[in-house]
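Trainee: So that we are looking at the same thing, I have put the structure below in structure tokens.
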Amino acid sequence: MPTNATLQAAPADHELGQKPPRGSAPALTLAASLLGFALITLDASVVNVALPAIGSDLGGGMSGLQWVVDAYTLAFAALMLSTGAFADRIGSAKAYALGTVLFTLASAACGLAPGLGVLIGARVVQGVAAAVVLPASLSLVRQAYPDPARRARAVALWAAGGSVAVALGPVAGGALTTLWDWRGIFFINLPLGLAALALTARAPRAARRPAPLDLPGQLAAALALAALAFAVIEQGTVRIVAGAVAVAAGTAFWLIERRVAHPVVPFGLFRSRTVAVSMGAGATASVAFYGVIFAFSLYFQRVRGESALAAGLMFLPMTVLIPVMNVLSGKLSNRFGPRLPMLIGQLTALAGLLLLLLADEHTPTLLAAFLLVPLALGCGISIPALTAAMMEALPQERAGLAAGVLNAGRQVAGALSIAVFGSLVAGGGGFIPGLRTSLLVAAVLFAVSALATLRMRAIQR
């Protein structure tokens, strides 16, 4: 998925102008941060192509496979709201090291998992660790480069690492699953995690900052999201109970956030209609992108009978274009403002979803791969632009907070799309009818989002 975690964690005030301590190596710090960010981004997409192999080995059916993906994504999304403050409280270098160690150990547990329950539990721990690594890694980059110009280039390289990881995820997952085993997609994290830790040894140490943490709000948010996912994925009594818990926890979250001094999600942000439109557009892009990759990973292997490696390669035409589209979107936003590239991206993605309706049991695999390209083009253009629109609508001191909420919302939308798409393709009507229903849901969301974006000029005045 196009990444905009560039604005995810606002640096502490004392970090912006500090000089790196003696003995620190900015280039090594950047390498460590880029490697950690790429690692956690890769793990959000590398698993999709391996799902059929995991299901064949460990069982669990469609709901189990959905949880293998969503256990990571939901934990990542839910805790992303407050891990930036956590990193400030203990120091970004310590937070990064702690998150990387936890992620590496959880990856080993995933690779050694004897059953699906252990794998899903370890994926939750991976998501928790990833939520710590992301803001800490960006904070380390900002500390290592006090000069604004050099810092901007370093942050751009850091963000590019995430885009490259997104592009390589399905291919790496397919290659490791075919040439090694599905467990290889987790074992490969061990040397990479150790390398990131070794590079962190020269990272600058920043003073701790007493950043406020809204623990009740964070816990209520996590419970509401987990219960909502259960309500979508599971069946029968579990669905009913989980739905009730989701409503109760969501209500509690809303009440908590209205009363605490430092909420994890300040609802006042949404008084700006530009912010609301940008949040909706970001969520829509995540629904389409993550849901389609999940569904077509199964389509290529279960319907078209391709190997995991071939299925991973089928995503290369779409994912390789994402970094290019991110750059193009930035240039368009600088010249015309964010509204135009948002519209171009949304309409392109909408057209791409409609084209994907042509895919069925008889569609040549290579043709299906190229039918995915317009969706990637649209998402790649719209995501940086909607991020810019949201940032322009808010005061500079709220940029980090707003970006955290935006990225958390996108991750949640992506996780829920996997739950919904998975339930539809596993329904009694058959895989292809379920796939087409999923695509139509995403297309309707993009149509609504594009209509809302048309009003953004009036909104921004």
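Letters for chains follow the order of the structure tokens (A, B, ...), residue numbers begin at 1 for each chain, and ligand numbers begin at 1 in the order shown.
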Might you pull out every residue within 12 Å of A:Gly193, with only C-alpha atoms counted and same-chain residues fewer than 2 positions away left off, and present them as a PyMOL selection string?
Mentor: chain A and resi 32-40+96-108+129-130+133+186-191+195-200
Trainee: Got time to write the residues from that selection, N, CA and C atoms, as a short mmCIF file (atom, residue, chain, number, x, y, z; two decimals), in the first residue's frame?
Mentor:
data_model
loop_
_atom_site.label_atom_id
_atom_site.label_comp_id
_atom_site.auth_asym_id
_atom_site.auth_seq_id
_atom_site.Cartn_x
_atom_site.Cartn_y
_atom_site.Cartn_z
N ALA A 32 19.35 1.64 9.98
CA ALA A 32 18.61 0.86 10.98
C ALA A 32 17.12 1.18 10.93
N SER A 33 16.80 2.47 10.86
CA SER A 33 15.40 2.88 10.85
C SER A 33 14.70 2.42 9.58
N LEU A 34 15.38 2.56 8.45
CA LEU A 34 14.79 2.14 7.17
C LEU A 34 14.56 0.63 7.17
N LEU A 35 15.52 -0.13 7.69
CA LEU A 35 15.38 -1.59 7.72
C LEU A 35 14.22 -2.01 8.61
N GLY A 36 14.10 -1.37 9.78
CA GLY A 36 13.00 -1.71 10.68
C GLY A 36 11.64 -1.36 10.08
N PHE A 37 11.55 -0.19 9.47
CA PHE A 37 10.29 0.23 8.85
C PHE A 37 9.92 -0.68 7.69
N ALA A 38 10.91 -1.01 6.86
CA ALA A 38 10.65 -1.91 5.73
C ALA A 38 10.22 -3.29 6.23
N LEU A 39 10.80 -3.73 7.33
CA LEU A 39 10.49 -5.06 7.86
C LEU A 39 9.03 -5.15 8.31
N ILE A 40 8.57 -4.14 9.07
CA ILE A 40 7.20 -4.21 9.56
C ILE A 40 6.19 -3.95 8.45
N TYR A 96 12.73 1.71 19.96
CA TYR A 96 13.00 1.02 18.70
C TYR A 96 13.65 -0.34 18.97
N ALA A 97 14.62 -0.37 19.86
CA ALA A 97 15.28 -1.63 20.19
C ALA A 97 14.30 -2.62 20.81
N LEU A 98 13.47 -2.13 21.73
CA LEU A 98 12.48 -3.00 22.38
C LEU A 98 11.51 -3.57 21.35
N GLY A 99 10.99 -2.70 20.47
CA GLY A 99 10.05 -3.16 19.45
C GLY A 99 10.69 -4.15 18.49
N THR A 100 11.95 -3.91 18.10
CA THR A 100 12.62 -4.80 17.16
C THR A 100 12.89 -6.17 17.78
N VAL A 101 13.31 -6.18 19.03
CA VAL A 101 13.53 -7.45 19.72
C VAL A 101 12.22 -8.24 19.81
N LEU A 102 11.15 -7.55 20.21
CA LEU A 102 9.85 -8.21 20.33
C LEU A 102 9.37 -8.74 18.98
N PHE A 103 9.56 -7.94 17.94
CA PHE A 103 9.14 -8.35 16.60
C PHE A 103 9.92 -9.58 16.13
N THR A 104 11.21 -9.58 16.39
CA THR A 104 12.05 -10.70 15.97
C THR A 104 11.67 -11.98 16.70
N LEU A 105 11.46 -11.89 18.01
CA LEU A 105 11.06 -13.07 18.79
C LEU A 105 9.69 -13.57 18.35
N ALA A 106 8.76 -12.65 18.10
CA ALA A 106 7.43 -13.04 17.64
C ALA A 106 7.50 -13.69 16.26
N SER A 107 8.41 -13.22 15.40
CA SER A 107 8.58 -13.84 14.09
C SER A 107 9.06 -15.28 14.23
N ALA A 108 9.99 -15.51 15.17
CA ALA A 108 10.45 -16.88 15.43
C ALA A 108 9.30 -17.75 15.90
N ALA A 129 4.53 -5.08 18.38
CA ALA A 129 5.92 -4.64 18.20
C ALA A 129 6.03 -3.66 17.03
N ALA A 130 5.33 -3.94 15.94
CA ALA A 130 5.39 -3.06 14.77
C ALA A 130 4.87 -1.67 15.11
N VAL A 133 7.75 0.08 16.72
CA VAL A 133 8.88 0.34 15.83
C VAL A 133 8.62 1.52 14.91
N PHE A 186 8.53 -15.96 7.88
CA PHE A 186 8.75 -15.44 9.24
C PHE A 186 10.21 -15.61 9.67
N PHE A 187 10.83 -16.73 9.29
CA PHE A 187 12.22 -16.94 9.68
C PHE A 187 13.16 -15.92 9.03
N ILE A 188 12.79 -15.41 7.86
CA ILE A 188 13.65 -14.43 7.20
C ILE A 188 13.76 -13.15 8.01
N ASN A 189 12.78 -12.92 8.92
CA ASN A 189 12.83 -11.73 9.76
C ASN A 189 13.93 -11.80 10.81
N LEU A 190 14.40 -13.00 11.13
CA LEU A 190 15.38 -13.12 12.22
C LEU A 190 16.71 -12.44 11.88
N PRO A 191 17.37 -12.77 10.76
CA PRO A 191 18.63 -12.06 10.47
C PRO A 191 18.41 -10.57 10.20
N ALA A 195 20.11 -7.58 12.31
CA ALA A 195 20.88 -6.54 11.62
C ALA A 195 20.40 -5.15 12.02
N ALA A 196 19.09 -4.98 12.12
CA ALA A 196 18.54 -3.68 12.54
C ALA A 196 19.00 -3.34 13.94
N LEU A 197 19.02 -4.31 14.84
CA LEU A 197 19.48 -4.07 16.21
C LEU A 197 20.95 -3.68 16.24
N ALA A 198 21.77 -4.37 15.45
CA ALA A 198 23.20 -4.06 15.43
C ALA A 198 23.44 -2.63 14.93
N LEU A 199 22.71 -2.22 13.93
CA LEU A 199 22.86 -0.86 13.40
C LEU A 199 22.39 0.19 14.40
N THR A 200 21.44 -0.16 15.25
CA THR A 200 20.90 0.80 16.21
C THR A 200 21.89 1.16 17.30
#
Trainee: When you look at A:Ala167 with a cut-off of 8 Å (counting only C-alpha atoms), what residues show up, excluding the ones that are within fewer than 5 positions of it in the same chain? I need them as a list in words.
Mentor: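 Non-adjacent residues within range: Leu316, Thr319, Val320 and Ile322 of chain A.
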Trainee: Can you write just those residues out, N, CA and C atoms, as a short mmCIF file (atom, residue, chain, number, x, y, z; two decimals), in the first residue's frame?
Mentor:
data_model
loop_
_atom_site.label_atom_id
_atom_site.label_comp_id
_atom_site.auth_asym_id
_atom_site.auth_seq_id
_atom_site.Cartn_x
_atom_site.Cartn_y
_atom_site.Cartn_z
N LEU A 316 3.35 -8.09 -9.10
CA LEU A 316 4.47 -7.19 -9.39
C LEU A 316 4.09 -6.05 -10.32
N THR A 319 2.32 -3.48 -7.94
CA THR A 319 3.05 -2.93 -6.79
C THR A 319 4.29 -2.15 -7.19
N VAL A 320 4.91 -2.51 -8.32
CA VAL A 320 6.13 -1.83 -8.71
C VAL A 320 5.87 -0.38 -9.09
N ILE A 322 3.79 1.66 -7.49
CA ILE A 322 3.35 2.48 -6.36
C ILE A 322 4.35 3.58 -6.02
#
Trainee: So the first atom is atom CA of A:Ala226 and the second is atom CA of A:Ser382; what is the distance between them in Å, to one decimal place?
Mentor: 28.1 Å
Trainee: For stretch 118-128 of chain A, please output as an mmCIF file with N, CA and C atoms, in the first residue's frame all residues within 8 Å (counting only C-alpha atoms; exclusion window: fewer than 2 positions along the same chain).
Mentor:
data_model
loop_
_atom_site.group_PDB
_atom_site.id
_atom_site.type_symbol
_atom_site.label_atom_id
_atom_site.label_comp_id
_atom_site.auth_asym_id
_atom_site.auth_seq_id
_atom_site.Cartn_x
_atom_site.Cartn_y
_atom_site.Cartn_z
ATOM 1 N N TRP A 67 -7.755 -14.326 10.117
ATOM 2 C CA TRP A 67 -7.141 -13.907 11.375
ATOM 3 C C TRP A 67 -5.612 -13.875 11.279
ATOM 4 N N VAL A 68 -5.019 -14.719 10.442
ATOM 5 C CA VAL A 68 -3.566 -14.671 10.277
ATOM 6 C C VAL A 68 -3.130 -13.287 9.791
ATOM 7 N N VAL A 69 -3.922 -12.684 8.918
ATOM 8 C CA VAL A 69 -3.620 -11.339 8.428
ATOM 9 C C VAL A 69 -4.081 -10.272 9.415
ATOM 10 N N ALA A 71 -4.870 -10.354 12.644
ATOM 11 C CA ALA A 71 -4.284 -10.313 13.986
ATOM 12 C C ALA A 71 -3.119 -9.318 14.019
ATOM 13 N N TYR A 72 -2.339 -9.319 12.958
ATOM 14 C CA TYR A 72 -1.217 -8.375 12.853
ATOM 15 C C TYR A 72 -1.713 -6.955 12.604
ATOM 16 N N THR A 73 -2.576 -6.814 11.617
ATOM 17 C CA THR A 73 -3.005 -5.485 11.193
ATOM 18 C C THR A 73 -3.803 -4.767 12.271
ATOM 19 N N LEU A 74 -4.698 -5.473 12.959
ATOM 20 C CA LEU A 74 -5.514 -4.833 13.993
ATOM 21 C C LEU A 74 -4.675 -4.402 15.188
ATOM 22 N N ALA A 75 -3.757 -5.262 15.632
ATOM 23 C CA ALA A 75 -2.889 -4.882 16.750
ATOM 24 C C ALA A 75 -2.029 -3.683 16.371
ATOM 25 N N PHE A 76 -1.511 -3.697 15.160
ATOM 26 C CA PHE A 76 -0.710 -2.587 14.637
ATOM 27 C C PHE A 76 -1.532 -1.297 14.639
ATOM 28 N N LEU A 79 -2.789 0.062 18.383
ATOM 29 C CA LEU A 79 -1.761 0.620 19.266
ATOM 30 C C LEU A 79 -1.004 1.770 18.629
ATOM 31 N N LEU A 102 11.150 -7.553 20.210
ATOM 32 C CA LEU A 102 9.847 -8.213 20.331
ATOM 33 C C LEU A 102 9.367 -8.736 18.984
ATOM 34 N N PHE A 103 9.556 -7.939 17.937
ATOM 35 C CA PHE A 103 9.138 -8.348 16.597
ATOM 36 C C PHE A 103 9.920 -9.576 16.132
ATOM 37 N N ALA A 106 8.765 -12.646 18.097
ATOM 38 C CA ALA A 106 7.427 -13.043 17.637
ATOM 39 C C ALA A 106 7.498 -13.694 16.264
ATOM 40 N N SER A 107 8.406 -13.224 15.403
ATOM 41 C CA SER A 107 8.580 -13.844 14.086
ATOM 42 C C SER A 107 9.063 -15.281 14.229
ATOM 43 N N ALA A 109 8.449 -17.197 16.779
ATOM 44 C CA ALA A 109 7.293 -17.952 17.267
ATOM 45 C C ALA A 109 6.322 -18.273 16.129
ATOM 46 N N CYS A 110 6.145 -17.323 15.187
ATOM 47 C CA CYS A 110 5.289 -17.591 14.021
ATOM 48 C C CYS A 110 5.850 -18.739 13.196
ATOM 49 N N GLY A 111 7.158 -18.702 12.946
ATOM 50 C CA GLY A 111 7.773 -19.738 12.132
ATOM 51 C C GLY A 111 7.749 -21.109 12.772
ATOM 52 N N ALA A 113 5.321 -22.085 14.907
ATOM 53 C CA ALA A 113 3.965 -22.346 15.403
ATOM 54 C C ALA A 113 3.497 -23.761 15.039
ATOM 55 N N PRO A 114 3.088 -24.549 16.055
ATOM 56 C CA PRO A 114 2.604 -25.905 15.776
ATOM 57 C C PRO A 114 1.154 -25.942 15.312
ATOM 58 N N GLY A 115 0.431 -24.845 15.518
ATOM 59 C CA GLY A 115 -0.970 -24.799 15.151
ATOM 60 C C GLY A 115 -1.397 -23.381 14.837
ATOM 61 N N LEU A 116 -2.601 -23.248 14.324
ATOM 62 C CA LEU A 116 -3.080 -21.942 13.888
ATOM 63 C C LEU A 116 -3.249 -20.979 15.048
ATOM 64 N N ALA A 130 5.334 -3.938 15.941
ATOM 65 C CA ALA A 130 5.389 -3.057 14.774
ATOM 66 C C ALA A 130 4.874 -1.668 15.111
ATOM 67 N N ALA A 131 3.834 -1.595 15.938
ATOM 68 C CA ALA A 131 3.288 -0.297 16.328
ATOM 69 C C ALA A 131 4.285 0.518 17.136
ATOM 70 N N VAL A 132 5.196 -0.150 17.831
ATOM 71 C CA VAL A 132 6.252 0.553 18.575
ATOM 72 C C VAL A 132 7.386 0.966 17.647
#
Trainee: Please identify which residues in stretch 300-440 of chain A DSSP calls alpha helix (DSSP H) from the backbone, and express them as a PyMOL selection string.
Mentor: chain A and resi 308-314+316-319+322-336+339-356+365-371+373-392+399-425+431-440
Trainee: Near stretch 419-430 of chain A, within 7 Å and counting only C-alpha atoms, which residues show up once chain neighbours fewer than 4 positions away are dropped, as a count of residues only?
Mentor: 11
Trainee: Considering only C-alpha atoms, return as a PyMOL selection string whatever protein or nucleic-acid residues lie within 9 Å of A:Val47, sequence-local ones (same chain, fewer than 2 positions apart) excluded.
Mentor: chain A and resi 42-45+49-51+68-69+169-170+173-174+182+185-186
Trainee: Just want the 12 Å neighbourhood of A:Ala359, counted on only C-alpha atoms, with same-chain residues fewer than 2 positions away dropped. Output as a PDB file with C-alpha atoms, in the first residue's frame.
Mentor:
ATOM      1  CA  ALA A 295      -8.868 -11.845  -2.364  1.00  0.00           C
ATOM      2  CA  PHE A 296      -6.688 -12.101  -5.481  1.00  0.00           C
ATOM      3  CA  TYR A 299      -7.960 -16.223  -6.633  1.00  0.00           C
ATOM      4  CA  PHE A 300      -4.615 -16.823  -8.331  1.00  0.00           C
ATOM      5  CA  VAL A 303      -9.229 -20.514  -8.769  1.00  0.00           C
ATOM      6  CA  ARG A 304      -6.458 -20.272 -11.359  1.00  0.00           C
ATOM      7  CA  GLY A 352      -9.823  -0.300 -12.006  1.00  0.00           C
ATOM      8  CA  LEU A 353     -12.311  -1.965  -9.661  1.00  0.00           C
ATOM      9  CA  LEU A 354     -14.910  -2.060 -12.413  1.00  0.00           C
ATOM     10  CA  LEU A 355     -12.372  -3.635 -14.777  1.00  0.00           C
ATOM     11  CA  LEU A 356     -11.624  -6.316 -12.181  1.00  0.00           C
ATOM     12  CA  LEU A 357     -15.260  -7.417 -12.396  1.00  0.00           C
ATOM     13  CA  GLU A 361     -12.550 -18.737 -13.600  1.00  0.00           C
ATOM     14  CA  HIS A 362     -11.480 -18.512 -17.259  1.00  0.00           C
ATOM     15  CA  THR A 363      -9.592 -15.201 -17.252  1.00  0.00           C
ATOM     16  CA  PRO A 364      -5.920 -15.735 -18.217  1.00  0.00           C
ATOM     17  CA  THR A 365      -3.725 -15.237 -15.167  1.00  0.00           C
ATOM     18  CA  LEU A 366      -1.498 -12.654 -16.845  1.00  0.00           C
ATOM     19  CA  LEU A 367      -4.511 -10.620 -17.952  1.00  0.00           C
ATOM     20  CA  ALA A 368      -5.867 -10.651 -14.395  1.00  0.00           C
ATOM     21  CA  ALA A 369      -2.491  -9.389 -13.172  1.00  0.00           C
ATOM     22  CA  PHE A 370      -2.631  -6.381 -15.506  1.00  0.00           C
ATOM     23  CA  LEU A 371      -6.265  -5.710 -14.592  1.00  0.00           C
ATOM     24  CA  LEU A 372      -4.935  -4.952 -11.091  1.00  0.00           C
ATOM     25  CA  PHE A 431     -15.777 -17.522  -4.834  1.00  0.00           C
ATOM     26  CA  ILE A 432     -16.305 -15.477  -8.018  1.00  0.00           C
ATOM     27  CA  PRO A 433     -19.737 -14.045  -7.023  1.00  0.00           C
ATOM     28  CA  LEU A 435     -15.272 -11.565  -5.251  1.00  0.00           C
ATOM     29  CA  ARG A 436     -17.486  -9.451  -7.491  1.00  0.00           C
ATOM     30  CA  LEU A 439     -15.266  -5.296  -5.723  1.00  0.00           C
TER      31      LEU A 439
END
Trainee: Quick one: residues within 8 Å of A:Pro266, only C-alpha atoms, excluding same-chain residues fewer than 4 positions away - as an MDAnalysis selection string?
Mentor: chainID A and resid 257:258 262
Trainee: Give the answer as one residue: which of A:Ala227, A:Ala310, A:Leu347, A:Leu255 has the shortest atom-to-atom distance to A:Gly243, using only C-alpha atoms?
Mentor: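 Using only C-alpha atoms, the shortest distance to A:Gly243 belongs to A:Ala227.
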Trainee: Atom CA of A:Leu350 and atom CA of A:Tyr290, how far apart in Å?
Mentor: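 Interatomic distance, atom CA of A:Tyr290 to atom CA of A:Leu350: 14.9 Å.
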Trainee: Rank A:Val373, A:Gly236, A:Ala222, A:Gly117 by their smallest atom-to-atom distance to A:Gly60, using only C-alpha atoms, and report the top residue only.
Mentor: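 Among the listed residues, the smallest separation from A:Gly60 belongs to A:Gly117.
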Trainee: Provide the atom CA of A:Ser92 to atom CA of A:Leu30 distance in Å, to one decimal place.
Mentor: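 Between atom CA of A:Ser92 and atom CA of A:Leu30 the gap works out to 13.3 Å.
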Trainee: Calculated over only C-alpha atoms, which of the candidates A:Leu445, A:Ala231, A:Ala276, A:Leu192 has the smallest distance to A:Val247?
Mentor: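 Among A:Leu445, A:Ala231, A:Ala276, A:Leu192, it is A:Ala231 that comes nearest to A:Val247.
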